[in-house]
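These notes concern the structure reproduced below.
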Amino acid sequence: MSQGEQALPLVSVIVVNYRGAEDTITCLRALTSELDYPRLEVLCVDNASGGDDVARIKAAAPGVELIESAANLGFAGGCNLGAKQAGGSVLAFLNNDARPDPGWARAAVAELAADPRVAAVASKVLDWDGTGTDFVDAGLTWFGMGYKRHAGQPLAEVAPGEHEVAKDVLFGTGSAMFVRAGAFAELGGFDERFFMFYEDVDLGWRLNLRGWRVRYLPSSIAYHRHHATMSEVDAPETGRETFLLERNALAAMYKNLSDESLAKALPAALALAVRRATARGELDAGQLDLERGVGPVETEPVEVPRTTLAGMLAIDQFVELMPSLAESRAVEQAARVRTDADLIPLMRKALEPAYPLPRYLEAHDILVEAFGIDGLFGHRRKVLVVTGDSITERMAGPAIRAWNIASVLAGEHEVRLVTVNPIADPPPAPFAVSAATRRTLGEPIEWADIVILQGHVLELAPALKKEHAHKIVVCDLYDPMHLEVLEQSKGKPDDVRSADLIGVTKVLDAQLERGDFFLCASERQRLFWLGHLTALGRLSPQLYDADPTTQSLLAVVPFGLSPSAPARTGPGLRATLGIGETDHVVLWAGGVYSWFDPLTLIRAIDRLRARHGDVRLVFLGMRHPNPEVAEMDIGARTMQLSERLGLTGKHVFFNEHWVPYEERQNWLLDADCGVTTHFEHVETTFAFRTRVLDYLWAGLPIVTTDGDAFADLVRDERLGVVVPAEDDQALADALERSMYDAEFVAGCRQRMAAVAERFAWPNALAPLVEFCRDPRPAADRLPGSGPLTVSDPVRGKEMIRRDVALLREYLADGGPKELARRVAGRVVKVARRGRANG
């Protein structure tokens, strides 16, 4: 076996036999002699066939592992029995009256290896001579009956696009399909209550609901003879097939439909099942005296057809199974991450009636209209946005961002915005706004399909790491908090600073390990967070193989601005602070934090007032609206410097409380330019100064210190002036040009309009909007995911060669002492492993 073949996963093919030795032997011989796949394990499960089936199979296929069941477990139970004894990381299920094409397994394994998000491969199944269609696509009716689209048609009559192109499907046919062993085990395999019929539909449905993909692959081909080797069980005249089909369809829909969908679909499906049963037997209720069970003339009893009785008994048996099905339903509904609406494209034509019986078709149309089945599967998801910031009329950046995320997503989904801080007079909103504590946060999390969080929120919601570990979580990383802490904690004792940094980093580590989708604010940040993900080991082969670009894992979603131009609604800074209409105003629109440099700005204003006596600097808000954000020393130092230079109340104005979010445009429209200044440090490199966008929104020329993403934007788009850090002379010159050079100001304002459109919230949030339309767990968080291949343990001569090489390396690196240290470490590891295993 070549090295490439050794890298292939072991595939365990499971074939179930029931009184069909001749077909089974043909199938097994094809697997062992014709299949082009080197790492193969073939298991044959005999379902208590009796007679000489077992002996014949043993004699004809000695290399096959034969598993004898004491009872007939049906197809579902037989496959599960084989899966429990299989050693492969890939399970393949093949009907005993089918045979594989030589490339059947290689093609499927290649698909599974190429995309870790694919749990199952549905093979293309043709008739025995390859001219007719058996399975090339899957469909599902609203009443739970799966069907094979184009089944029975000559292949030449099926459009090439329907059978020659790989595509996602709801399920694969159990007659020829592949499943990751880990995913199969995670879901508990086939539902053995189904016995046979629709167990493959149910499995595929559950895989899709949990975020996996089931992929139809036309290059993985099998041929199906349809000898009906289980004829004694499913012969139409016995009614057993009708019984199983009807009962299992009800069971599948009961387990897998959401509460909202099931409330409408189940009563309609039960009524339709009754009509289907009578229509099959061409029996009209008017023929029967329902009290005595006879016809209109007492001497003429009416014989009820077996198929009609079978349909009625199916409903009766469904009721009997309800207690155990309810337990399964609770599991599936708790684990699902996709909505019924997500699966509509995979149902193909859910409203097709499926049976061409006149009385049945009439009932189908009546029930569809009466129960509103055509509008059954709603597209709206339940999205929870959680912020750690205060939601008030005076909001800071994190709350503003969370608010706009909720606002944009509310156009397509049912959204709740929750803060773990108090709420005080929030603006009106088209979504629910509430506060929660650690104790009460569980209810909205339980409600949600998608949880979008920021800051320290994950630490307040441990359920997202435990009982709700399956929930889709989006982590908003636009604020690199640990870099802020390096600046914010200056002045504290070193041990306290170290502890603060470790604590915040752990918070971010937990998000990076848990999230399914991540948001950052710039391309700089994206590279930064990719490095962090890689260092944590999160950027695994699974994630990389699922998307080498990693765009589906980590997207740039900058802070945004309103898509509507600012319009004055009340007094602004001039009226509030007593600033003259002809004065030239520089606006500082955000908070004053320790990583900013307002001191250089104060000195620049001191310089500029000598040239322009009408210059005014306004700080929009000194006191943060979130009471949990401590006052920082830099604010007090700024006010002290302004006072010492004689600027306060004349050329520099401090607005103590932040301006209400819905009123900030009045202050912006009173300004002539916007400014932000900061120091040169690592926080600056990856920062995204959110309030600078308000300058862009209001068309204010921007003066900014170099070093961050916005400086690049201002320079590249010519939106203002970029200055060096801590250079008050250059800053004074830049402010002068941005307010007093009319031609320069007009050019900046003109260019800003086009750039502002790019940052409008609906455009900025586009990657998040797209993700929420089709949310899935990250590839490495899919239930049952794991490596398809593992390296063989090192043994024998290869182990000796490896140890000798290590011995030489240790001696070369550090001599006998290094060798002794390494050997001692190996002894400790072996001892610990022994205790753990013992």
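Ordering of the structure tokens sets the chain letters (A, B, ...), residue numbers begin anew at 1 in every chain, and ligands are numbered from 1 in the order given.
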- [ ] Tell me, as a VMD selection string, which residues lie within 8 Å of Pro218 in chain A, counting only C-alpha atoms; anything in the same chain fewer than 4 positions away does not count.
- [x] chain A and resid 123 to 124 136 163 to 166
Open item on the list: So that I can check the surroundings of Asp340 in chain A, please list as number ranges by chain every protein, DNA and RNA residue that reaches within 7 Å of it, counting only C-alpha atoms and ignoring chain neighbours fewer than 2 positions away.
Closed with: A: 257-258, 338, 342-344, 377
Can I get the selection written as a compact mmCIF listing (two decimals), in the first residue's frame, with all heavy atoms?
# COMPACT_ATOMS: atom_id res chain seq x y z
N LEU A 257 -39.84 18.60 12.78
CA LEU A 257 -40.41 19.92 12.52
C LEU A 257 -40.38 20.76 13.79
O LEU A 257 -40.50 20.24 14.91
CB LEU A 257 -41.85 19.81 12.03
CG LEU A 257 -42.07 19.40 10.56
CD1 LEU A 257 -43.55 19.33 10.25
CD2 LEU A 257 -41.37 20.37 9.61
N SER A 258 -40.25 22.06 13.64
CA SER A 258 -40.27 22.97 14.78
C SER A 258 -41.66 23.01 15.39
O SER A 258 -42.64 22.54 14.80
CB SER A 258 -39.88 24.38 14.32
OG SER A 258 -40.88 24.92 13.48
N ARG A 338 -30.63 24.89 12.63
CA ARG A 338 -31.19 25.41 11.39
C ARG A 338 -32.72 25.38 11.48
O ARG A 338 -33.30 24.55 12.16
CB ARG A 338 -30.71 24.60 10.18
CG ARG A 338 -29.21 24.39 10.15
CD ARG A 338 -28.70 24.06 8.76
NE ARG A 338 -28.71 25.23 7.91
CZ ARG A 338 -28.90 25.19 6.58
NH1 ARG A 338 -29.10 24.04 5.98
NH2 ARG A 338 -28.88 26.29 5.86
N ASP A 342 -34.85 26.99 6.38
CA ASP A 342 -33.55 26.72 5.77
C ASP A 342 -33.60 25.49 4.86
O ASP A 342 -32.86 25.41 3.88
CB ASP A 342 -32.49 26.46 6.84
CG ASP A 342 -32.17 27.70 7.65
OD1 ASP A 342 -32.38 28.80 7.13
OD2 ASP A 342 -31.72 27.55 8.78
N LEU A 343 -34.46 24.56 5.22
CA LEU A 343 -34.48 23.28 4.50
C LEU A 343 -35.46 23.27 3.33
O LEU A 343 -35.53 22.28 2.60
CB LEU A 343 -34.80 22.14 5.46
CG LEU A 343 -33.89 22.02 6.68
CD1 LEU A 343 -34.13 20.70 7.40
CD2 LEU A 343 -32.41 22.13 6.30
N ILE A 344 -36.21 24.36 3.17
CA ILE A 344 -37.17 24.40 2.06
C ILE A 344 -36.52 24.12 0.71
O ILE A 344 -37.03 23.34 -0.09
CB ILE A 344 -37.93 25.75 2.04
CG1 ILE A 344 -38.94 25.79 3.19
CG2 ILE A 344 -38.66 25.94 0.72
CD1 ILE A 344 -39.71 27.09 3.28
N PHE A 377 -43.64 27.38 6.48
CA PHE A 377 -42.26 27.48 6.93
C PHE A 377 -41.79 28.92 6.86
O PHE A 377 -41.35 29.39 5.81
CB PHE A 377 -41.36 26.57 6.08
CG PHE A 377 -41.81 25.14 6.09
CD1 PHE A 377 -42.26 24.53 4.94
CD2 PHE A 377 -41.78 24.41 7.26
CE1 PHE A 377 -42.68 23.21 4.95
CE2 PHE A 377 -42.18 23.09 7.29
CZ PHE A 377 -42.64 22.48 6.14
Open item on the list: If we count only C-alpha atoms and set the cut-off at 9 Å, which residues sit around Thr141 in chain A, ignoring sequence neighbours fewer than 4 positions away in its own chain? Please answer as an MDAnalysis selection string.
Closed with: chainID A and resid 145:147 347:354
Please write the residues from the selection above to a file, keeping C-alpha atoms, as a PDB file, in the first residue's frame.
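Done, and the output landed in out.pdb:
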ATOM      1  CA  MET A 145     -42.913  11.505   3.167  1.00  0.00           C
ATOM      2  CA  GLY A 146     -39.520  11.482   1.499  1.00  0.00           C
ATOM      3  CA  TYR A 147     -39.252  10.516  -2.130  1.00  0.00           C
ATOM      4  CA  MET A 347     -37.391  19.727   0.124  1.00  0.00           C
ATOM      5  CA  ARG A 348     -37.526  20.658  -3.570  1.00  0.00           C
ATOM      6  CA  LYS A 349     -41.339  20.807  -3.906  1.00  0.00           C
ATOM      7  CA  ALA A 350     -42.801  20.369  -0.443  1.00  0.00           C
ATOM      8  CA  LEU A 351     -46.389  21.084  -1.537  1.00  0.00           C
ATOM      9  CA  GLU A 352     -46.541  18.339  -4.159  1.00  0.00           C
ATOM     10  CA  PRO A 353     -49.359  15.949  -3.169  1.00  0.00           C
ATOM     11  CA  ALA A 354     -47.342  12.828  -4.154  1.00  0.00           C
TER      12      ALA A 354
END
Open item on the list: Going by DSSP on the backbone, which residues of range 80-189 of chain A come out as strand (DSSP E)? List them as an MDAnalysis selection string.
Closed with: chainID A and resid 90:94 98:100 118:127 133:135 138:140 146:148 167:169 176:180
- [ ] With a distance cut-off of 8 Å and only C-alpha atoms, select the neighbouring residues of range 101-103 of chain A, excluding the residue or stretch itself and same-chain residues fewer than 6 positions from it, and output the selection as number ranges by chain.
- [x] A: 34-37, 219-223
Restricting the output to N, CA, C and O atoms, write the selected residues as a JSON list (two decimals), in the first residue's frame.
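The result, written out as out_12.json:
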[["chain", "number", "residue", "atom", "x", "y", "z"],
["A", 34, "GLU", "N", -14.11, -5.92, -7.00],
["A", 34, "GLU", "CA", -14.22, -4.91, -8.06],
["A", 34, "GLU", "C", -14.02, -3.48, -7.57],
["A", 34, "GLU", "O", -13.70, -2.59, -8.36],
["A", 35, "LEU", "N", -14.18, -3.25, -6.27],
["A", 35, "LEU", "CA", -14.12, -1.88, -5.76],
["A", 35, "LEU", "C", -12.68, -1.39, -5.69],
["A", 35, "LEU", "O", -11.80, -2.06, -5.16],
["A", 36, "ASP", "N", -12.44, -0.21, -6.22],
["A", 36, "ASP", "CA", -11.10, 0.38, -6.24],
["A", 36, "ASP", "C", -10.91, 1.24, -4.99],
["A", 36, "ASP", "O", -10.97, 2.47, -5.04],
["A", 37, "TYR", "N", -10.69, 0.56, -3.88],
["A", 37, "TYR", "CA", -10.43, 1.28, -2.63],
["A", 37, "TYR", "C", -9.63, 0.36, -1.72],
["A", 37, "TYR", "O", -10.08, -0.74, -1.39],
["A", 219, "SER", "N", -20.42, 11.32, -9.08],
["A", 219, "SER", "CA", -19.29, 10.45, -9.41],
["A", 219, "SER", "C", -19.19, 9.23, -8.49],
["A", 219, "SER", "O", -18.39, 8.33, -8.74],
["A", 220, "SER", "N", -19.99, 9.21, -7.44],
["A", 220, "SER", "CA", -20.08, 8.02, -6.57],
["A", 220, "SER", "C", -21.31, 7.24, -7.01],
["A", 220, "SER", "O", -22.44, 7.57, -6.66],
["A", 221, "ILE", "N", -21.09, 6.17, -7.78],
["A", 221, "ILE", "CA", -22.19, 5.50, -8.48],
["A", 221, "ILE", "C", -22.39, 4.08, -7.94],
["A", 221, "ILE", "O", -21.43, 3.37, -7.66],
["A", 222, "ALA", "N", -23.65, 3.70, -7.81],
["A", 222, "ALA", "CA", -24.02, 2.32, -7.48],
["A", 222, "ALA", "C", -25.19, 1.92, -8.36],
["A", 222, "ALA", "O", -25.90, 2.77, -8.92],
["A", 223, "TYR", "N", -25.38, 0.61, -8.49],
["A", 223, "TYR", "CA", -26.44, 0.06, -9.34],
["A", 223, "TYR", "C", -27.35, -0.79, -8.48],
["A", 223, "TYR", "O", -26.89, -1.62, -7.68]]
Task: Pick from A:Gly189, A:Asp606, A:Val386, A:Val769 nearest to Ala410 in chain A, counting only C-alpha atoms - done: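 That would be A:Val769, the residue with the smallest distance to Ala410 in chain A.
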- [ ] Please identify all polymer residues within 9 Å of range 322-330 of chain A, counting only C-alpha atoms, omitting same-chain residues fewer than 6 positions from it, and present them as a ChimeraX atom specification.
- [x] /A:251,254-257
Keeping only C-alpha atoms, write the selected residues as a PDB file, in the first residue's frame.
ATOM      1  CA  ALA A 251     -42.788   9.919  13.154  1.00  0.00           C
ATOM      2  CA  TYR A 254     -43.064  14.808  14.551  1.00  0.00           C
ATOM      3  CA  LYS A 255     -39.404  14.508  15.525  1.00  0.00           C
ATOM      4  CA  ASN A 256     -37.959  17.085  13.165  1.00  0.00           C
ATOM      5  CA  LEU A 257     -40.412  19.919  12.524  1.00  0.00           C
TER       6      LEU A 257
END
TODO: Have a look at CA of Gly560 in chain A and CA of His681 in chain A and let me know their distance in Å, one decimal.
DONE: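 So the answer is 24.6 Å.
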- [ ] Pull the helix (DSSP H, G or I) assignments for range 550-763 of chain A out of DSSP run on the backbone, and list those residues as a VMD selection string.
- [x] chain A and resid 573 to 577 598 to 608 633 to 644 661 to 668 682 to 686 692 to 698 709 to 717 728 to 740 742 to 758 761 to 763
Open item on the list: With distances taken over only C-alpha atoms, which residue among A:Ala185, A:Ala510, A:Asp202, A:Gly211 lies nearest Ala249 in chain A?
Closed with: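 Closest candidate: A:Asp202.
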With range 426-435 of chain A as the partner and 12 Å as the cut-off, tabulate the residues of range 591-710 of chain A that qualify, each row holding the nearest pair of atoms and their distance in Å to one decimal, using only C-alpha atoms, sorted by chain and rising number, as a Markdown table.
| residue | atom | partner | partner_atom | distance |
| --- | --- | --- | --- | --- |
| A:Pro660 | CA | A:Pro427 | CA | 9.3 |
| A:Tyr661 | CA | A:Pro427 | CA | 8.4 |
| A:Glu662 | CA | A:Pro427 | CA | 7.4 |
| A:Glu663 | CA | A:Pro427 | CA | 10.7 |
Selection near Asp670 in chain A, 10 Å with only C-alpha atoms, sequence-local residues under 4 positions removed, as a tab-separated table (two decimals) with C-alpha atoms, in the first residue's frame:
chain	number	residue	atom	x	y	z
A	568	ARG	CA	-31.16	68.91	12.58
A	571	PRO	CA	-30.28	72.87	19.43
A	572	GLY	CA	-26.66	71.86	19.04
A	573	LEU	CA	-23.37	72.73	20.68
A	574	ARG	CA	-23.44	76.42	19.78
A	575	ALA	CA	-26.72	77.13	21.54
A	579	ILE	CA	-20.50	79.39	21.07
A	581	GLU	CA	-22.34	81.28	14.95
A	583	ASP	CA	-16.75	80.67	15.50
A	584	HIS	CA	-14.79	77.77	14.00
A	585	VAL	CA	-15.42	74.59	15.99
A	586	VAL	CA	-13.23	71.51	16.35
A	587	LEU	CA	-15.26	68.59	17.73
A	665	GLN	CA	-26.30	65.09	14.78
A	666	ASN	CA	-27.30	68.51	16.11
A	698	ALA	CA	-21.72	64.79	8.97
